[in-house]
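Following: one structure in structure tokens, then a few remarks.
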Amino acid sequence: MNSSLNNLLLHPRTRDQAEDFIKKPAHCLLIIGSHGSGKYALAKALAATLLRLSPSKSLDSYPYFFHLLKEEGKQEIPIDSIRLLITKLHLKTPGDANSVRRVIIIEGAHSLSSEAQNALLKVLEEPSDDTIFLLTLPSAQVILPTITSRSQVLRLLPISWLAARDYYSGTPAGEVKAAWQLSQGSMGLLIALLKNVKDHELKQAIEEIKIFLSQNRYERLMQAESWGRNRVKLSMILEALNRILVPLHHAALQRQETSRAIKLLEGRVLIRRMQKQLMSNISSRLLSLELALKLRV
């Protein structure tokens with residue numbers, strides 16, 4: 001197995017699914033996981049393995065590797081991005097006719113506009129044998145079911161505490177345990193916390209939440225109002241809140257702090273409900289206002 005996969009900290013079942021995919025790849029793979037689960041890291045490792053690139057050769061400089069994602073400040077990936085990609089797919093790829101010679105990663109495929117999803121579907125209906133699509137997204141329900149039906153699905157499962165401890169045996173166990181608890185076993189966030197990766201979006205959201213929880217009601221309203229302008233940002237904030245509240249709730253239960261435990265449980269229920277409502281296209285502004293007014297933590 002290519003070291004691109006071996007270097008990743010993966011749940012055994014996820015690793016087995018990834019290895020099965022490499023042995024017999026479908027034309028499209030949906031890599032499903034929560035924020036911070038390491039979806040893009042796994043997609044890149046799979047791409048490097050499928051293209052038979054050595055660890056020393058950069059995937060990003062490979063001429064037949066394409067990485068598509070939502071532009072900063074934009075709400076979605078437009079159809080023009082898919083049209084440009086289709087143009088590039090018309091270019092012939094040299095090499096063995098029976099091997100994978102081109103890989104496209106669409107990061108955050110749930111951000112594809114409706115028109116872009118339909119355009120992608122047409123490509124998947126007449127797939128090229130040398131081309132593989134890897135789509136990362138939080139759920140199979142947030143993309144066209146006709147795309148899902150033409151795809152193989154790989155779910156990123158959380159890492160156990162023992163696996164994290166063994167993988168980071170050279171790091172103080174207390175640091176690993178704290179990062180594992182906050183990440184809830186999500187590979188991407190766990191690594192970002194231990195390596196202090198500053199540009200990791202979920203880690204940044206967690207830092208914002210720590211400030212938010214220390215603010216008064218008026219300051220919270222002002223902060224939440226800014227989050228409500230961007231559905232993607234609010235989704236990240238809610239995920240960060242959930243990851244902070246879970247270990248706090250468990251700690252309160254262990255210390256038998258009944259009143260605090262009840263408030264933290266109410267907060268977790270509130271966040272879970274809001275996450276579902278956000279996916280159901282409830283107004284992000286209304287949800288952000290509710291967050292500031294009802295979160296009692």
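FYI, nothing fancy with the structure tokens labels: chains A, B, ... in order, residues from 1 per chain, ligands from 1 as they appear.
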
Secondary structure check, helix (DSSP H, G or I) residues of segment 4-171 of chain A, as a short mmCIF file (atom, residue, chain, number, x, y, z; two decimals) with N, CA and C atoms, in the first residue's frame:
data_model
loop_
_atom_site.label_atom_id
_atom_site.label_comp_id
_atom_site.auth_asym_id
_atom_site.auth_seq_id
_atom_site.Cartn_x
_atom_site.Cartn_y
_atom_site.Cartn_z
N SER A 4 1.18 7.15 1.16
CA SER A 4 0.25 8.27 1.27
C SER A 4 -0.92 7.92 2.16
N LEU A 5 -1.36 6.67 2.10
CA LEU A 5 -2.43 6.21 2.99
C LEU A 5 -1.89 5.75 4.34
N ASN A 6 -0.74 5.10 4.32
CA ASN A 6 -0.19 4.55 5.55
C ASN A 6 0.15 5.63 6.57
N PRO A 12 -9.90 1.66 11.53
CA PRO A 12 -9.65 0.44 10.74
C PRO A 12 -10.70 0.19 9.66
N ARG A 13 -11.97 0.46 9.95
CA ARG A 13 -13.01 0.23 8.95
C ARG A 13 -12.88 1.20 7.79
N THR A 14 -12.53 2.45 8.10
CA THR A 14 -12.33 3.44 7.05
C THR A 14 -11.13 3.05 6.18
N ARG A 15 -10.06 2.57 6.82
CA ARG A 15 -8.88 2.15 6.07
C ARG A 15 -9.21 0.98 5.15
N ASP A 16 -9.99 0.03 5.66
CA ASP A 16 -10.38 -1.12 4.83
C ASP A 16 -11.17 -0.67 3.61
N GLN A 17 -12.11 0.28 3.81
CA GLN A 17 -12.90 0.79 2.70
C GLN A 17 -12.02 1.50 1.68
N ALA A 18 -11.04 2.27 2.18
CA ALA A 18 -10.14 3.00 1.28
C ALA A 18 -9.30 2.02 0.46
N GLU A 19 -8.82 0.97 1.09
CA GLU A 19 -8.00 -0.02 0.39
C GLU A 19 -8.84 -0.79 -0.64
N ASP A 20 -10.09 -1.08 -0.29
CA ASP A 20 -10.98 -1.76 -1.25
C ASP A 20 -11.24 -0.88 -2.47
N PHE A 21 -11.39 0.43 -2.22
CA PHE A 21 -11.63 1.35 -3.33
C PHE A 21 -10.43 1.40 -4.26
N ILE A 22 -9.24 1.42 -3.71
CA ILE A 22 -8.02 1.47 -4.53
C ILE A 22 -7.90 0.21 -5.41
N LYS A 23 -8.27 -0.93 -4.83
CA LYS A 23 -8.19 -2.18 -5.58
C LYS A 23 -9.19 -2.20 -6.74
N LYS A 39 -11.41 14.69 5.68
CA LYS A 39 -11.90 14.24 4.36
C LYS A 39 -10.93 14.61 3.24
N TYR A 40 -10.45 15.85 3.24
CA TYR A 40 -9.57 16.28 2.15
C TYR A 40 -8.21 15.59 2.23
N ALA A 41 -7.72 15.38 3.45
CA ALA A 41 -6.44 14.67 3.60
C ALA A 41 -6.54 13.26 3.04
N LEU A 42 -7.66 12.60 3.31
CA LEU A 42 -7.86 11.25 2.77
C LEU A 42 -8.01 11.29 1.25
N ALA A 43 -8.74 12.29 0.74
CA ALA A 43 -8.92 12.41 -0.71
C ALA A 43 -7.57 12.58 -1.41
N LYS A 44 -6.69 13.40 -0.86
CA LYS A 44 -5.37 13.61 -1.46
C LYS A 44 -4.52 12.33 -1.41
N ALA A 45 -4.62 11.61 -0.29
CA ALA A 45 -3.86 10.36 -0.17
C ALA A 45 -4.36 9.34 -1.20
N LEU A 46 -5.67 9.27 -1.38
CA LEU A 46 -6.24 8.36 -2.37
C LEU A 46 -5.82 8.77 -3.78
N ALA A 47 -5.84 10.08 -4.06
CA ALA A 47 -5.46 10.57 -5.38
C ALA A 47 -4.01 10.21 -5.69
N ALA A 48 -3.12 10.43 -4.73
CA ALA A 48 -1.70 10.12 -4.94
C ALA A 48 -1.50 8.62 -5.16
N THR A 49 -2.26 7.81 -4.42
CA THR A 49 -2.14 6.36 -4.57
C THR A 49 -2.66 5.91 -5.93
N LEU A 50 -3.81 6.42 -6.33
CA LEU A 50 -4.40 6.03 -7.61
C LEU A 50 -3.52 6.44 -8.79
N ILE A 79 -21.76 26.84 -11.78
CA ILE A 79 -21.72 25.93 -12.92
C ILE A 79 -20.54 26.22 -13.84
N ASP A 80 -20.09 27.47 -13.88
CA ASP A 80 -18.93 27.82 -14.73
C ASP A 80 -17.69 27.02 -14.33
N SER A 81 -17.56 26.72 -13.05
CA SER A 81 -16.40 25.94 -12.59
C SER A 81 -16.46 24.52 -13.14
N ILE A 82 -17.65 23.95 -13.21
CA ILE A 82 -17.81 22.61 -13.77
C ILE A 82 -17.61 22.64 -15.28
N ARG A 83 -18.10 23.69 -15.93
CA ARG A 83 -17.90 23.81 -17.38
C ARG A 83 -16.42 23.88 -17.74
N LEU A 84 -15.66 24.65 -16.93
CA LEU A 84 -14.22 24.74 -17.16
C LEU A 84 -13.55 23.39 -16.94
N LEU A 85 -14.00 22.68 -15.92
CA LEU A 85 -13.46 21.36 -15.64
C LEU A 85 -13.75 20.41 -16.80
N ILE A 86 -14.96 20.45 -17.33
CA ILE A 86 -15.33 19.59 -18.45
C ILE A 86 -14.43 19.85 -19.65
N THR A 87 -14.10 21.11 -19.88
CA THR A 87 -13.19 21.46 -20.98
C THR A 87 -11.84 20.79 -20.78
N LYS A 88 -11.34 20.79 -19.56
CA LYS A 88 -10.05 20.17 -19.26
C LYS A 88 -10.11 18.65 -19.41
N LEU A 89 -11.29 18.08 -19.14
CA LEU A 89 -11.44 16.63 -19.25
C LEU A 89 -11.38 16.15 -20.69
N ALA A 109 -18.35 19.26 -1.87
CA ALA A 109 -19.22 19.11 -3.04
C ALA A 109 -20.65 19.55 -2.76
N HIS A 110 -21.04 19.62 -1.48
CA HIS A 110 -22.38 20.10 -1.15
C HIS A 110 -22.54 21.58 -1.47
N SER A 111 -21.41 22.27 -1.73
CA SER A 111 -21.48 23.69 -2.11
C SER A 111 -21.73 23.89 -3.60
N SER A 114 -27.11 24.04 -7.84
CA SER A 114 -27.98 23.04 -8.46
C SER A 114 -27.60 22.80 -9.91
N GLU A 115 -27.29 23.90 -10.62
CA GLU A 115 -26.88 23.78 -12.03
C GLU A 115 -25.56 23.03 -12.15
N ALA A 116 -24.63 23.31 -11.23
CA ALA A 116 -23.33 22.65 -11.25
C ALA A 116 -23.47 21.16 -10.96
N GLN A 117 -24.35 20.80 -10.04
CA GLN A 117 -24.57 19.39 -9.73
C GLN A 117 -25.14 18.66 -10.94
N ASN A 118 -26.07 19.29 -11.63
CA ASN A 118 -26.65 18.66 -12.83
C ASN A 118 -25.61 18.49 -13.94
N ALA A 119 -24.73 19.48 -14.07
CA ALA A 119 -23.67 19.38 -15.07
C ALA A 119 -22.70 18.26 -14.72
N LEU A 120 -22.38 18.13 -13.43
CA LEU A 120 -21.51 17.05 -12.98
C LEU A 120 -22.17 15.70 -13.22
N LEU A 121 -23.47 15.63 -12.99
CA LEU A 121 -24.20 14.38 -13.20
C LEU A 121 -24.06 13.89 -14.63
N LYS A 122 -24.12 14.80 -15.58
CA LYS A 122 -23.99 14.42 -16.99
C LYS A 122 -22.62 13.80 -17.26
N VAL A 123 -21.59 14.32 -16.60
CA VAL A 123 -20.25 13.75 -16.75
C VAL A 123 -20.21 12.34 -16.18
N LEU A 124 -20.84 12.15 -15.02
CA LEU A 124 -20.81 10.85 -14.36
C LEU A 124 -21.65 9.81 -15.11
N GLU A 125 -22.62 10.28 -15.89
CA GLU A 125 -23.45 9.36 -16.67
C GLU A 125 -22.68 8.73 -17.82
N ALA A 140 -24.51 12.33 2.50
CA ALA A 140 -24.97 11.97 1.15
C ALA A 140 -26.30 12.64 0.83
N GLN A 141 -26.99 13.15 1.86
CA GLN A 141 -28.30 13.77 1.65
C GLN A 141 -28.22 15.20 1.13
N VAL A 142 -27.01 15.77 1.07
CA VAL A 142 -26.88 17.17 0.67
C VAL A 142 -26.44 17.32 -0.78
N PRO A 145 -29.53 12.89 -5.33
CA PRO A 145 -29.53 11.43 -5.15
C PRO A 145 -29.06 10.68 -6.39
N THR A 146 -29.22 11.28 -7.55
CA THR A 146 -28.74 10.64 -8.78
C THR A 146 -27.22 10.62 -8.85
N ILE A 147 -26.56 11.57 -8.19
CA ILE A 147 -25.09 11.52 -8.08
C ILE A 147 -24.69 10.44 -7.09
N THR A 148 -25.39 10.39 -5.96
CA THR A 148 -25.10 9.37 -4.94
C THR A 148 -25.26 7.96 -5.51
N TRP A 161 -9.53 6.66 21.28
CA TRP A 161 -8.51 7.27 22.13
C TRP A 161 -7.22 6.43 22.12
N LEU A 162 -7.35 5.12 22.15
CA LEU A 162 -6.17 4.25 22.15
C LEU A 162 -5.38 4.39 20.86
N ALA A 163 -6.09 4.48 19.73
CA ALA A 163 -5.41 4.64 18.44
C ALA A 163 -4.66 5.97 18.39
N ALA A 164 -5.30 7.04 18.89
CA ALA A 164 -4.66 8.36 18.90
C ALA A 164 -3.44 8.35 19.81
N ARG A 165 -3.57 7.72 20.97
CA ARG A 165 -2.44 7.67 21.92
C ARG A 165 -1.26 6.91 21.32
N ASP A 166 -1.54 5.79 20.68
CA ASP A 166 -0.46 4.99 20.08
C ASP A 166 0.20 5.73 18.92
N TYR A 167 -0.61 6.40 18.11
CA TYR A 167 -0.09 7.12 16.94
C TYR A 167 0.81 8.28 17.37
#

- [ ] Pick out the closest residue to Ile104 of chain A from this set: A:His250, A:Ile159, A:His27, A:Val153. Count only C-alpha atoms.
- [x]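 Once distances to Ile104 of chain A are computed over only C-alpha atoms, the minimum belongs to A:His27.
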
Tell me, counting only C-alpha atoms, for each residue of segment 202-259 of chain A within 7 Å of segment 169-183 of chain A, which pair of atoms is nearest and how far apart they are in Å to one decimal, in rows ordered by chain and increasing number, as JSON lines.
{"residue": "A:Arg243", "atom": "CA", "partner": "A:Leu182", "partner_atom": "CA", "distance": 5.7}
{"residue": "A:Ile244", "atom": "CA", "partner": "A:Leu182", "partner_atom": "CA", "distance": 6.2}
{"residue": "A:Pro247", "atom": "CA", "partner": "A:Gln181", "partner_atom": "CA", "distance": 6.2}

All strand (DSSP E) positions in segment 30-113 of chain A, as a CSV table (one decimal) with C-alpha atoms, in the first residue's frame:
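The new file states28.csv reads:
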chain,number,residue,atom,x,y,z
A,30,LEU,CA,-18.2,10.2,-2.0
A,31,ILE,CA,-16.0,10.8,1.1
A,32,ILE,CA,-18.4,11.6,3.9
A,65,PHE,CA,-4.9,16.3,-10.9
A,66,PHE,CA,-7.6,18.9,-10.4
A,67,HIS,CA,-8.8,20.4,-7.1
A,68,LEU,CA,-12.1,22.2,-7.2
A,102,ARG,CA,-6.6,11.7,-14.0
A,103,VAL,CA,-8.2,12.5,-10.6
A,104,ILE,CA,-10.5,15.3,-9.7
A,105,ILE,CA,-11.2,16.3,-6.0
A,106,ILE,CA,-14.3,18.4,-5.4

Point to revise | Shortest interatomic distance to Leu10 of chain A - which of A:Leu238, A:Leu137, A:Val100, A:Ile191, counting only C-alpha atoms | key: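 For Leu10 of chain A, the nearest of the given residues is A:Ile191.
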
**Prompt:** Which of these, A:Leu156, A:Ala292, A:Val232, A:Ile262, has the shortest distance to Asn216 of chain A once you count only C-alpha atoms?
**Reply:**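 Using only C-alpha atoms, Asn216 of chain A sits closest to A:Ala292.
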
Rounded to one decimal, what separation in Å do you get between atom CA of Trp227 of chain A and atom CA of Lys195 of chain A?
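Here the two named atoms are 26.8 Å from each other.
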